[in-house]
Structure formats: structure tokens, C-alpha cells
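target_4.tsv (TSV, C-alpha atoms)
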```
chain	number	residue	atom	x	y	z
A	1	MET	CA	297.32	87.18	167.93
A	2	THR	CA	299.38	86.67	164.79
A	3	LYS	CA	296.71	86.52	162.10
A	4	SER	CA	295.34	89.74	160.71
A	5	ILE	CA	291.63	90.39	161.10
A	6	GLU	CA	291.26	90.13	157.32
A	7	THR	CA	292.75	86.60	157.40
A	8	ILE	CA	290.58	85.57	160.34
A	9	TRP	CA	287.52	86.78	158.45
A	10	GLN	CA	288.45	85.05	155.21
A	11	GLN	CA	289.33	81.79	156.95
A	12	GLY	CA	286.19	82.00	159.05
A	13	PHE	CA	284.06	82.00	155.94
A	14	ILE	CA	286.02	79.79	153.57
A	15	ASP	CA	282.87	77.98	152.61
A	16	GLU	CA	280.21	80.66	152.66
A	17	LYS	CA	277.60	78.14	151.58
A	18	ALA	CA	278.07	76.41	154.93
A	19	LEU	CA	276.44	79.39	156.63
A	20	VAL	CA	273.21	78.08	158.05
A	21	ALA	CA	270.31	80.50	157.75
A	22	PRO	CA	267.93	80.33	160.71
A	23	LYS	CA	264.59	78.75	160.01
A	24	ILE	CA	261.86	81.25	159.40
A	25	ASN	CA	258.24	80.39	159.91
A	26	ASP	CA	255.26	82.35	158.68
A	27	LEU	CA	257.50	85.35	158.28
A	28	TYR	CA	255.03	87.55	156.43
A	29	ASN	CA	252.56	87.45	159.30
A	30	GLN	CA	255.13	88.31	161.94
A	31	LYS	CA	255.18	91.70	163.59
A	32	SER	CA	258.10	93.86	162.66
A	33	GLN	CA	260.34	95.04	165.52
A	34	ASN	CA	261.78	97.86	163.50
A	35	VAL	CA	261.46	101.16	165.36
A	36	ILE	CA	259.75	102.79	162.36
A	37	ASP	CA	257.24	99.98	161.87
A	38	LYS	CA	256.53	99.88	165.57
A	39	LEU	CA	255.82	103.61	165.62
A	40	GLN	CA	253.53	103.21	162.62
A	41	ARG	CA	251.59	100.52	164.47
A	42	THR	CA	251.42	102.68	167.61
A	43	PHE	CA	250.15	105.66	165.60
A	44	ARG	CA	247.52	103.55	163.83
A	45	LEU	CA	246.36	102.02	167.10
A	46	ASN	CA	246.26	105.43	168.80
A	47	ASN	CA	244.24	106.87	165.94
A	48	LEU	CA	241.75	104.03	166.11
A	49	GLY	CA	241.41	104.52	169.86
A	50	ILE	CA	240.91	108.26	169.46
A	51	ILE	CA	238.24	107.78	166.74
A	52	ILE	CA	236.34	105.31	168.94
A	53	GLY	CA	236.77	107.62	171.96
A	54	ALA	CA	235.57	110.68	170.03
A	55	CYS	CA	232.45	108.86	168.80
A	56	LEU	CA	231.68	107.59	172.31
A	57	VAL	CA	232.15	111.07	173.83
A	58	LEU	CA	229.82	112.56	171.20
A	59	LEU	CA	227.16	109.90	171.79
A	60	VAL	CA	227.34	109.94	175.59
A	61	LEU	CA	227.40	113.73	175.94
A	62	SER	CA	224.55	114.08	173.43
A	63	ALA	CA	222.57	111.53	175.44
A	64	PHE	CA	223.15	113.70	178.52
A	65	SER	CA	221.96	116.83	176.68
A	66	MET	CA	225.44	118.22	176.12
A	67	PRO	CA	225.80	117.93	172.34
A	68	VAL	CA	227.83	121.14	171.97
A	69	LEU	CA	230.48	119.94	174.40
A	70	GLY	CA	230.41	116.53	172.72
A	71	LEU	CA	230.93	118.08	169.31
A	72	PHE	CA	233.74	120.30	170.60
A	73	ILE	CA	235.65	117.41	172.18
A	74	ALA	CA	235.06	115.18	169.14
A	75	ALA	CA	236.32	117.95	166.84
A	76	ILE	CA	239.49	118.35	168.90
A	77	LEU	CA	240.10	114.60	168.91
A	78	PHE	CA	239.44	114.25	165.19
A	79	SER	CA	241.88	117.08	164.45
A	80	GLN	CA	244.48	115.04	166.32
A	81	VAL	CA	243.69	111.99	164.19
A	82	TRP	CA	243.98	114.09	161.03
A	83	ILE	CA	247.42	115.39	162.01
A	84	SER	CA	248.60	111.91	163.06
A	85	LYS	CA	247.37	110.50	159.76
A	86	LYS	CA	249.38	113.08	157.85
A	87	GLN	CA	252.47	112.20	159.89
A	88	LEU	CA	251.87	108.51	159.25
A	89	ILE	CA	251.72	109.03	155.48
A	90	LYS	CA	255.09	110.78	155.60
A	91	LEU	CA	256.55	107.94	157.64
A	92	GLU	CA	255.17	105.30	155.28
A	93	ARG	CA	256.85	107.03	152.36
A	94	MET	CA	260.26	106.62	153.97
A	95	ASP	CA	262.49	104.52	151.74
A	96	LYS	CA	264.71	101.87	153.34
A	97	ASN	CA	266.82	101.65	150.21
A	98	ILE	CA	268.92	104.71	150.99
A	99	SER	CA	272.22	105.11	152.78
A	100	SER	CA	272.21	104.37	156.50
A	101	TYR	CA	272.86	108.03	157.31
A	102	GLN	CA	270.03	109.29	155.10
A	103	TYR	CA	267.70	106.63	156.46
A	104	ILE	CA	268.36	107.37	160.11
A	105	LYS	CA	268.50	111.12	159.54
A	106	SER	CA	265.18	111.23	157.68
A	107	PHE	CA	263.61	109.18	160.45
A	108	ASP	CA	265.08	111.51	163.05
A	109	ILE	CA	263.71	114.57	161.23
A	110	TRP	CA	260.30	112.92	160.97
A	111	LEU	CA	260.38	111.98	164.64
A	112	LYS	CA	261.35	115.45	165.84
A	113	THR	CA	258.66	117.06	163.66
A	114	ALA	CA	256.04	114.57	164.87
A	115	ILE	CA	256.96	115.10	168.53
A	116	ALA	CA	256.91	118.90	168.09
A	117	GLN	CA	253.50	118.76	166.39
A	118	HIS	CA	252.06	116.44	169.04
A	119	THR	CA	253.47	118.61	171.81
A	120	ARG	CA	251.86	121.71	170.30
A	121	MET	CA	248.59	119.82	169.93
A	122	TYR	CA	248.57	118.62	173.51
A	123	GLN	CA	249.48	122.10	174.75
A	124	PHE	CA	246.18	123.18	173.23
A	125	ILE	CA	244.07	120.01	173.63
A	126	TYR	CA	244.51	119.47	177.39
A	127	PRO	CA	243.54	123.02	178.45
A	128	ALA	CA	240.80	123.22	175.81
A	129	LEU	CA	239.22	119.99	177.06
A	130	PHE	CA	239.51	121.18	180.64
A	131	VAL	CA	237.95	124.61	179.92
A	132	ALA	CA	235.18	122.99	177.85
A	133	CYS	CA	234.32	120.54	180.63
A	134	ILE	CA	234.39	123.25	183.30
A	135	THR	CA	232.23	125.56	181.18
A	136	GLN	CA	229.68	122.78	180.70
A	137	PHE	CA	229.78	122.13	184.44
A	138	GLY	CA	229.23	125.85	185.07
A	139	PHE	CA	225.97	125.68	183.08
A	140	SER	CA	224.71	122.66	185.00
A	141	TRP	CA	222.42	123.14	188.01
A	142	VAL	CA	225.22	121.98	190.37
A	143	GLY	CA	227.61	124.51	188.85
A	144	GLN	CA	225.02	127.28	188.95
A	145	SER	CA	224.20	126.59	192.59
A	146	ILE	CA	227.92	126.67	193.50
A	147	ILE	CA	228.36	130.02	191.70
A	148	GLN	CA	225.24	131.48	193.31
A	149	GLY	CA	226.26	130.24	196.76
A	150	PHE	CA	229.73	131.76	196.30
A	151	GLN	CA	228.24	135.10	195.17
A	152	MET	CA	226.02	135.20	198.24
A	153	ASP	CA	228.96	134.46	200.56
A	154	PHE	CA	231.32	136.90	198.80
A	155	PRO	CA	229.16	139.61	197.19
A	156	ASN	CA	232.14	141.99	196.73
A	157	ILE	CA	234.11	139.68	194.41
A	158	PRO	CA	233.86	141.02	190.83
A	159	VAL	CA	231.95	138.96	188.29
A	160	LEU	CA	232.71	138.47	184.58
A	161	PHE	CA	229.98	137.02	182.30
A	162	GLY	CA	228.11	135.89	185.41
A	163	VAL	CA	231.08	134.02	186.84
A	164	PRO	CA	233.13	135.23	189.83
A	165	ILE	CA	236.51	136.37	188.54
A	166	VAL	CA	238.38	134.13	191.00
A	167	PHE	CA	236.68	131.10	189.43
A	168	SER	CA	237.70	132.21	185.94
A	169	ALA	CA	241.22	132.96	187.15
A	170	GLY	CA	241.43	129.52	188.80
A	171	VAL	CA	240.25	127.76	185.66
A	172	LEU	CA	242.69	129.73	183.52
A	173	PHE	CA	245.54	128.95	185.91
A	174	ILE	CA	244.84	125.21	185.80
A	175	ALA	CA	244.50	125.42	182.00
A	176	PHE	CA	247.86	127.17	181.88
A	177	LEU	CA	249.44	124.45	184.05
A	178	LEU	CA	247.98	121.74	181.80
A	179	SER	CA	249.37	123.50	178.76
A	180	TYR	CA	252.75	124.05	180.41
A	181	PHE	CA	253.14	120.42	181.50
A	182	ALA	CA	251.62	118.90	178.35
A	183	SER	CA	254.99	118.84	176.67
A	184	ALA	CA	256.70	117.25	179.68
A	185	ILE	CA	253.90	114.67	180.05
A	186	TYR	CA	254.17	113.76	176.37
A	187	GLN	CA	257.95	113.42	176.58
A	188	LEU	CA	257.62	111.29	179.73
A	189	ASP	CA	255.10	109.16	177.90
A	190	MET	CA	257.48	108.49	175.02
A	191	LYS	CA	260.68	108.03	177.01
A	192	PRO	CA	260.07	104.65	178.66
A	193	ILE	CA	258.93	103.11	175.37
A	194	TYR	CA	261.34	104.58	172.85
A	195	GLY	CA	263.92	106.46	174.93
A	196	ARG	CA	266.69	103.89	174.52
A	197	GLU	CA	266.19	103.63	170.76
A	198	PHE	CA	266.02	107.41	170.30
A	199	LYS	CA	269.29	107.75	172.20
A	200	LYS	CA	270.87	105.03	170.10
A	201	LEU	CA	269.76	106.80	166.90
A	202	GLU	CA	271.14	110.13	168.15
A	203	GLU	CA	274.50	108.50	168.85
A	204	ILE	CA	274.60	106.86	165.42
A	205	ILE	CA	273.75	110.15	163.68
A	206	THR	CA	276.44	112.04	165.61
A	207	ASP	CA	278.97	109.33	164.81
A	208	MET	CA	278.04	109.22	161.12
A	209	GLU	CA	278.17	112.98	160.84
A	210	THR	CA	281.84	112.93	161.79
A	211	LEU	CA	282.38	110.73	158.73
A	212	ARG	CA	280.64	113.18	156.42
A	213	VAL	CA	282.81	116.21	157.10
B	1	MET	CA	256.20	85.96	152.36
B	2	GLY	CA	256.14	84.01	149.18
B	3	SER	CA	258.59	81.17	149.63
B	4	ASP	CA	259.66	81.59	146.00
B	5	PHE	CA	260.89	85.11	146.72
B	6	TYR	CA	262.77	83.94	149.79
B	7	THR	CA	264.39	81.05	147.94
B	8	ALA	CA	265.27	83.04	144.85
B	9	PHE	CA	266.22	86.46	146.19
B	10	ILE	CA	267.11	86.14	149.86
B	11	LEU	CA	268.52	82.69	150.51
B	12	PRO	CA	271.42	83.04	148.02
B	13	TYR	CA	272.45	86.17	149.96
B	14	ALA	CA	271.73	84.77	153.43
B	15	GLY	CA	275.48	84.84	154.13
B	16	ILE	CA	275.50	88.65	154.03
B	17	ILE	CA	272.51	88.88	156.35
B	18	ILE	CA	273.91	86.31	158.77
B	19	LYS	CA	277.30	88.05	158.98
B	20	ILE	CA	275.72	91.45	159.61
B	21	CYS	CA	273.03	90.32	162.07
B	22	ARG	CA	275.59	88.38	164.06
B	23	ALA	CA	277.66	91.53	164.61
B	24	TYR	CA	274.67	93.34	166.09
B	25	THR	CA	273.43	90.63	168.42
B	26	ASN	CA	274.68	88.91	171.53
B	27	SER	CA	272.51	85.83	171.63
B	28	GLN	CA	271.15	83.19	169.32
B	29	ASP	CA	267.56	84.32	170.00
B	30	ASP	CA	268.33	87.94	169.11
B	31	PHE	CA	270.25	86.82	166.05
B	32	GLU	CA	267.28	84.84	164.76
B	33	ASP	CA	264.94	87.77	165.42
B	34	TYR	CA	267.22	90.18	163.54
B	35	TYR	CA	267.58	87.75	160.65
B	36	GLN	CA	263.80	87.41	160.37
B	37	GLU	CA	263.37	91.17	160.53
B	38	VAL	CA	265.89	91.76	157.75
B	39	CYS	CA	264.18	89.16	155.54
B	40	LEU	CA	260.79	90.74	156.25
B	41	GLN	CA	262.04	94.22	155.37
B	42	ILE	CA	263.75	92.99	152.19
B	43	TRP	CA	260.46	91.47	151.09
B	44	ARG	CA	258.49	94.58	152.04
B	45	SER	CA	260.90	96.94	150.27
B	46	ARG	CA	261.39	94.79	147.19
B	47	ASN	CA	259.48	97.21	144.96
B	48	ASN	CA	261.86	100.03	145.90
B	49	PHE	CA	264.83	98.23	144.42
B	50	LYS	CA	266.30	100.26	141.57
B	51	GLU	CA	268.42	98.34	139.19
B	52	ASN	CA	271.14	100.98	139.17
B	53	SER	CA	272.81	99.15	142.04
B	54	GLN	CA	273.54	95.49	142.65
B	55	TRP	CA	271.05	93.34	144.55
B	56	SER	CA	273.82	92.37	146.99
B	57	THR	CA	274.58	96.05	147.72
B	58	TRP	CA	270.89	96.54	148.33
B	59	ILE	CA	270.86	93.59	150.75
B	60	TYR	CA	273.77	95.19	152.65
B	61	LYS	CA	271.88	98.49	152.87
B	62	ILE	CA	268.64	96.98	154.09
B	63	SER	CA	270.42	94.66	156.53
B	64	LEU	CA	272.41	97.50	158.09
B	65	ASN	CA	269.45	99.89	158.18
B	66	VAL	CA	267.33	97.25	159.88
B	67	CYS	CA	270.03	96.32	162.41
B	68	LEU	CA	270.56	99.98	163.26
B	69	THR	CA	266.85	100.58	163.89
B	70	TYR	CA	265.75	97.28	165.40
B	71	LEU	CA	263.89	97.42	168.68
B	72	LYS	CA	265.22	94.78	170.99
B	73	LYS	CA	262.59	92.94	172.93
B	74	LYS	CA	262.49	93.81	176.58
B	75	ASN	CA	263.74	91.20	179.04
B	76	SER	CA	265.48	89.34	176.26
B	77	GLN	CA	267.85	86.80	177.69
B	78	HIS	CA	271.43	87.85	177.21
B	79	GLN	CA	272.77	84.41	176.59
B	80	GLN	CA	275.82	84.48	174.43
B	81	PHE	CA	276.06	82.54	171.21
B	82	ALA	CA	276.73	78.93	171.98
B	83	SER	CA	279.64	79.02	169.56
B	84	ASP	CA	281.19	81.98	171.40
B	85	THR	CA	281.17	80.35	174.77
B	86	LEU	CA	280.98	76.64	174.12
B	87	PRO	CA	282.94	75.95	170.95
B	88	ASP	CA	282.57	72.19	171.20
B	89	GLU	CA	278.85	72.19	171.61
B	90	VAL	CA	276.97	71.25	168.53
B	91	VAL	CA	274.50	73.96	167.63
B	92	ALA	CA	273.13	74.70	164.22
B	93	ASP	CA	274.47	78.23	164.08
B	94	SER	CA	277.99	77.32	165.11
B	95	GLN	CA	278.33	75.38	161.89
B	96	ALA	CA	278.39	78.74	160.17
B	97	PHE	CA	281.44	79.93	162.01
B	98	SER	CA	284.27	77.57	161.44
B	99	GLY	CA	286.67	78.47	164.20
B	100	ASP	CA	287.35	80.06	167.52
B	101	ALA	CA	289.20	82.91	165.86
B	102	ILE	CA	286.16	84.14	163.97
B	103	ASN	CA	284.07	83.92	167.12
B	104	LEU	CA	286.65	85.97	169.00
B	105	LEU	CA	286.69	88.48	166.16
B	106	TYR	CA	282.88	88.77	166.34
B	107	ASP	CA	283.14	89.24	170.07
B	108	ALA	CA	285.61	92.07	169.48
B	109	ILE	CA	283.42	93.64	166.76
B	110	ARG	CA	280.52	93.74	169.20
B	111	HIS	CA	282.60	96.04	171.41
B	112	LEU	CA	282.55	98.69	168.66
B	113	SER	CA	279.98	101.42	168.12
B	114	GLU	CA	277.05	100.72	165.76
B	115	THR	CA	278.62	102.74	162.95
B	116	ASP	CA	282.06	101.21	163.38
B	117	ARG	CA	280.55	97.73	163.22
B	118	ALA	CA	278.93	98.61	159.89
B	119	LEU	CA	282.19	100.04	158.54
B	120	ILE	CA	284.38	97.10	159.52
B	121	LEU	CA	281.87	94.54	158.26
B	122	LEU	CA	281.76	96.21	154.86
B	123	TYR	CA	285.55	96.50	154.82
B	124	LEU	CA	285.98	92.81	155.69
B	125	GLU	CA	283.51	91.97	152.95
B	126	GLU	CA	286.00	93.65	150.61
B	127	LYS	CA	283.79	96.56	149.66
B	128	SER	CA	285.68	99.52	148.25
B	129	TYR	CA	285.79	102.77	150.23
B	130	LEU	CA	283.50	104.27	147.63
B	131	GLU	CA	280.94	101.49	148.07
B	132	ILE	CA	281.19	101.73	151.85
B	133	ALA	CA	280.66	105.48	151.63
B	134	GLU	CA	277.62	104.92	149.42
B	135	ILE	CA	276.07	102.34	151.75
B	136	ILE	CA	276.77	104.30	154.94
B	137	GLY	CA	276.21	107.73	153.42
B	138	SER	CA	279.55	109.24	154.31
B	139	ASN	CA	282.50	110.97	152.73
B	140	PRO	CA	284.77	108.29	151.11
B	141	ASN	CA	287.87	110.27	152.12
B	142	ASN	CA	287.17	109.64	155.81
B	143	ILE	CA	286.52	105.92	155.50
B	144	GLY	CA	290.16	104.83	155.25
B	145	VAL	CA	291.28	106.73	158.34
B	146	ARG	CA	288.36	105.45	160.38
B	147	ILE	CA	288.90	101.84	159.27
B	148	THR	CA	292.57	102.01	160.24
B	149	ARG	CA	291.53	103.17	163.70
B	150	ILE	CA	288.86	100.45	163.98
B	151	LYS	CA	291.40	97.78	163.00
B	152	GLN	CA	293.83	99.05	165.63
B	153	ARG	CA	291.07	98.90	168.23
B	154	LEU	CA	290.03	95.41	167.15
B	155	ASN	CA	293.61	94.16	167.33
B	156	LYS	CA	293.92	95.61	170.80
B	157	ILE	CA	290.72	93.87	171.93
B	158	LEU	CA	291.79	90.60	170.30
B	159	ASN	CA	295.20	90.76	171.97
B	160	MET	CA	293.57	91.37	175.33
B	161	GLU	CA	291.21	88.45	174.78
B	162	SER	CA	293.96	86.09	173.69
B	163	ASN	CA	296.18	86.94	176.72
```

Would you mind writing the file out in C-alpha cells?
Amino acid sequence: MTKSIETIWQQGFIDEKALVAPKINDLYNQKSQNVIDKLQRTFRLNNLGIIIGACLVLLVLSAFSMPVLGLFIAAILFSQVWISKKQLIKLERMDKNISSYQYIKSFDIWLKTAIAQHTRMYQFIYPALFVACITQFGFSWVGQSIIQGFQMDFPNIPVLFGVPIVFSAGVLFIAFLLSYFASAIYQLDMKPIYGREFKKLEEIITDMETLRV
Amino acid sequence: MGSDFYTAFILPYAGIIIKICRAYTNSQDDFEDYYQEVCLQIWRSRNNFKENSQWSTWIYKISLNVCLTYLKKKNSQHQQFASDTLPDEVVADSQAFSGDAINLLYDAIRHLSETDRALILLYLEEKSYLEIAEIIGSNPNNIGVRITRIKQRLNKILNMESN
């Protein structure tokens, strides 16, 4: 190899006008494959799904004479939509006309904040939904008959607010497990979809940071 | 996209986009996808353009930022560029790259990290260290040292490929 890379480059593009741009069809209506745009679409779609789900839960549970539980679940789900919407606004404000480092870094900061907020939400939402559903079940005739049957079989087990303490402890334990694994479940959920891209961004940031020192 | 915008503001700078996208892709299909994405993002971000920098510098920024954050489609076929593997075959894109040497150079550039690809592309496009630092967002004092290292690495790869 005798030619320098600068010469190869210059000779390779002697006539820059000869560069043939690929044909683009109906570009404006095409879906963007940019990681940021794709996340925006995912967030919007998730929010829409949650809103529809929350309304359905409210309607169905009200129809089955459980409006309080319906309202509680809908409120939790709507709070999630509200937080996601706030995150989405921040993401939409991200400017692409900044340096590569600033662009990737600001996206990384947004991403980490969004994941942390979602993780905290799910740590609360999963156990809350579980406890709410179990409480509603406890008030149903099936739940009441199970509690009464248990109290007759084990009359010495202490009771708190009319519920055997082992039941409450069991529910709390499962709620704790749901809270504990919520973060891991959320991370597992994200990894197959965006794991490779997140890793790539991390590597680019680390590399660019060495150039900033 | 309004075709007027594409013709007036993107097409005259298509060379920049083509050169950058080509360094970040391994196949003709990927290259076309990246090119489309860059054009789409330029159009979408057009209102953010501040006239304190040149339009061409802005095109470099958007092109690099898009290439660095593009999500590759799953199961995309990893066919190499026709011009990289079959230099005699007539394909539209190969017209853009006039010789085997440039194709070998691109092949070598694709062995570099994402950041190094951006740096060497800007250097080969005769951007000053200050401009490179502005586009990448780095300290201009470090650019020269890094580019020297990248060039050494590229020469090594090119020598290996030519032997």
C-alpha cells in the first residue's frame, strides 16, 4: 500500500457529483429507525394501551360491583401515563443539532432517568395492584368463606382486621417479592429490544469521554 | 417530505450523507436505510438549524448523530456492498466509488469503533481539528493524537488486506 489514505480518499471522490444518492420514496411517511424516535413511538403506544386498559378495568369492575377497586387500578395506571407523558415531552425536546457527544449523552441521561422512574413506579404498581385485587377478593363471598373456614380449622391463629395474620403475612410477602423483582422484570423487558443499542451508546460515550479530557 | 426541500437542501449535500452512511453500514440495503433515515431527520430538524454554523456542518452533525443512534433491523442480510466484493459488477451505488482502493479503505474504516469512524471521516473531509471537535463534542487538543493513531491502524489494516 503506497498511497496515503488521504490520497485514496481524494482520488476516490474526484468527481463528487458522480455520487449516486439512493432513490427515496415517500420518505416523510416512513417510520424512523432512530433509537430515540423508536422509543417515542413505543412510549406513545404503551400510553395508549394503558389508557384503554384503565378505562376497560374501570368499566368491567364497576359492572361487577367493584367500582372502588376499578377506580384504584385506573388511578394507578393513569399516574403511569402521566409520568410517561412527562418523559416523552423531555425526549421530544431533544435537539439533534448538537455535538455527537452532547446528543448521545443527553439521550443517555434521559434514558437512565426514565428507566429509574419506571422501575420505581413498577416497584409500587405491581404490589399495589396485587394487594388491591386480593383485598377485593377478601370481601367477596368466596374470600369470606375461605377466611371463615380457615378460622374454624385454626382458631388459635391471631386475626388482624378480621383476617388471619398468616394470610396478611402471605399477601405482604408476595407483594414484597413483586416489588423486589419489578426492577429485574422491567430490565429484562427492555434488554431484548434495546439492549444492543444501549450497549453501543455506552461504548460510544466512554470512547468520546476519553477525547474530552 | 416536500420534494422541493429535498432537491434544494439535501441533494446538493448528498455526497456528505453517502460518505458517512457508507462507513456505518455493511450492505447496500442498510446503506439505503441509513441514507433515508438521515434525510428524514434533516427534514424533521430543519427548524432547529441556527445560521451561526454552515448548512454543510449541520448536515455532518445530523448524519453522524443519526448513524450513531440508528436501530438496525433485525435479521438484516449481511450482504456486503456489491462494489466491495464484486468490483466489476455494475450496480448503481458502485458508480459512486471510483476504485478498488476506496472500497478497501471503506472496508478498513468499518473495522474502527463508531467514534473513530466519525473522526477519520471528518478528517478525510478536510475538516479542521476545531471543526471536528465542535461536531463530535470533544477537546480539540486530543483530536490530532487520536487521528494519528487511527491512521496508523487504518494503514495496518490496509497493508494486511493488500498482502

Residue hits in chain A, query chain B, radius 9 Å, all atoms listed in the file, as number ranges by chain: A: 1, 4-6, 8-36, 38, 95-104, 194, 197, 200-201, 203-205, 207-213

Long-range neighbours of Asn47 in chain A as a list of chain:residue names, 10 Å cut-off, all atoms listed in the file, 5 positions minimum in chain: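 That gives A:Arg41, A:Thr42, A:Ile52, A:Gly53, A:Leu77, A:Phe78, A:Gln80, A:Val81, A:Trp82, A:Ile83, A:Ser84, A:Lys85.
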
Have a look at A:Val60, A:Gly195, A:Val163, A:Gln136 and name the one nearest to Gly149 in chain A; count all atoms listed in the file.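 Ranked by minimum distance to Gly149 in chain A, first place goes to A:Val163.
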
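Relative to CA of Asp108 in chain A, CA of Arg196 in chain A is found at 13.9 Å.
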
When you count all atoms listed in the file, which of these residues is closest to Val131 in chain A: A:Ala175, A:Cys55, A:Leu39, A:Ala184? A:Ala175

Atom-to-atom span, CA of Pro155 in chain A and CA of Pro127 in chain A, Å: 28.9 Å

Can you tell me which residues surround range 128-130 of chain A at a distance of at most 12 Å, considering only C-alpha atoms, apart from same-chain residues fewer than 6 positions away, and format the answer as JSON, numbers by chain? {"A": [57, 69, 70, 71, 72, 73, 74, 75, 76, 77, 121, 122, 136, 137, 170, 171, 172, 173, 174, 175, 176, 177, 178, 179, 182]}

Straight-line distance linking CA of Cys133 in chain A with CA of Leu59 in chain A, stated in Å to one decimal: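 About the pair CA of Cys133 in chain A and CA of Leu59 in chain A: they are 15.6 Å apart.
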
Measuring atom to atom with all atoms listed in the file, identify which of A:Ile146, A:Phe167, A:Pro158, A:Phe181 is nearest to Arg120 in chain A.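 With all atoms listed in the file as the atom set, the closest residue is A:Phe181.
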
Shortest interatomic distance to Thr148 in chain B - which of B:Ser56, B:Ile120, B:Asp30, B:Lys127, counting all atoms listed in the file: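 The closest residue to Thr148 in chain B is B:Ile120.
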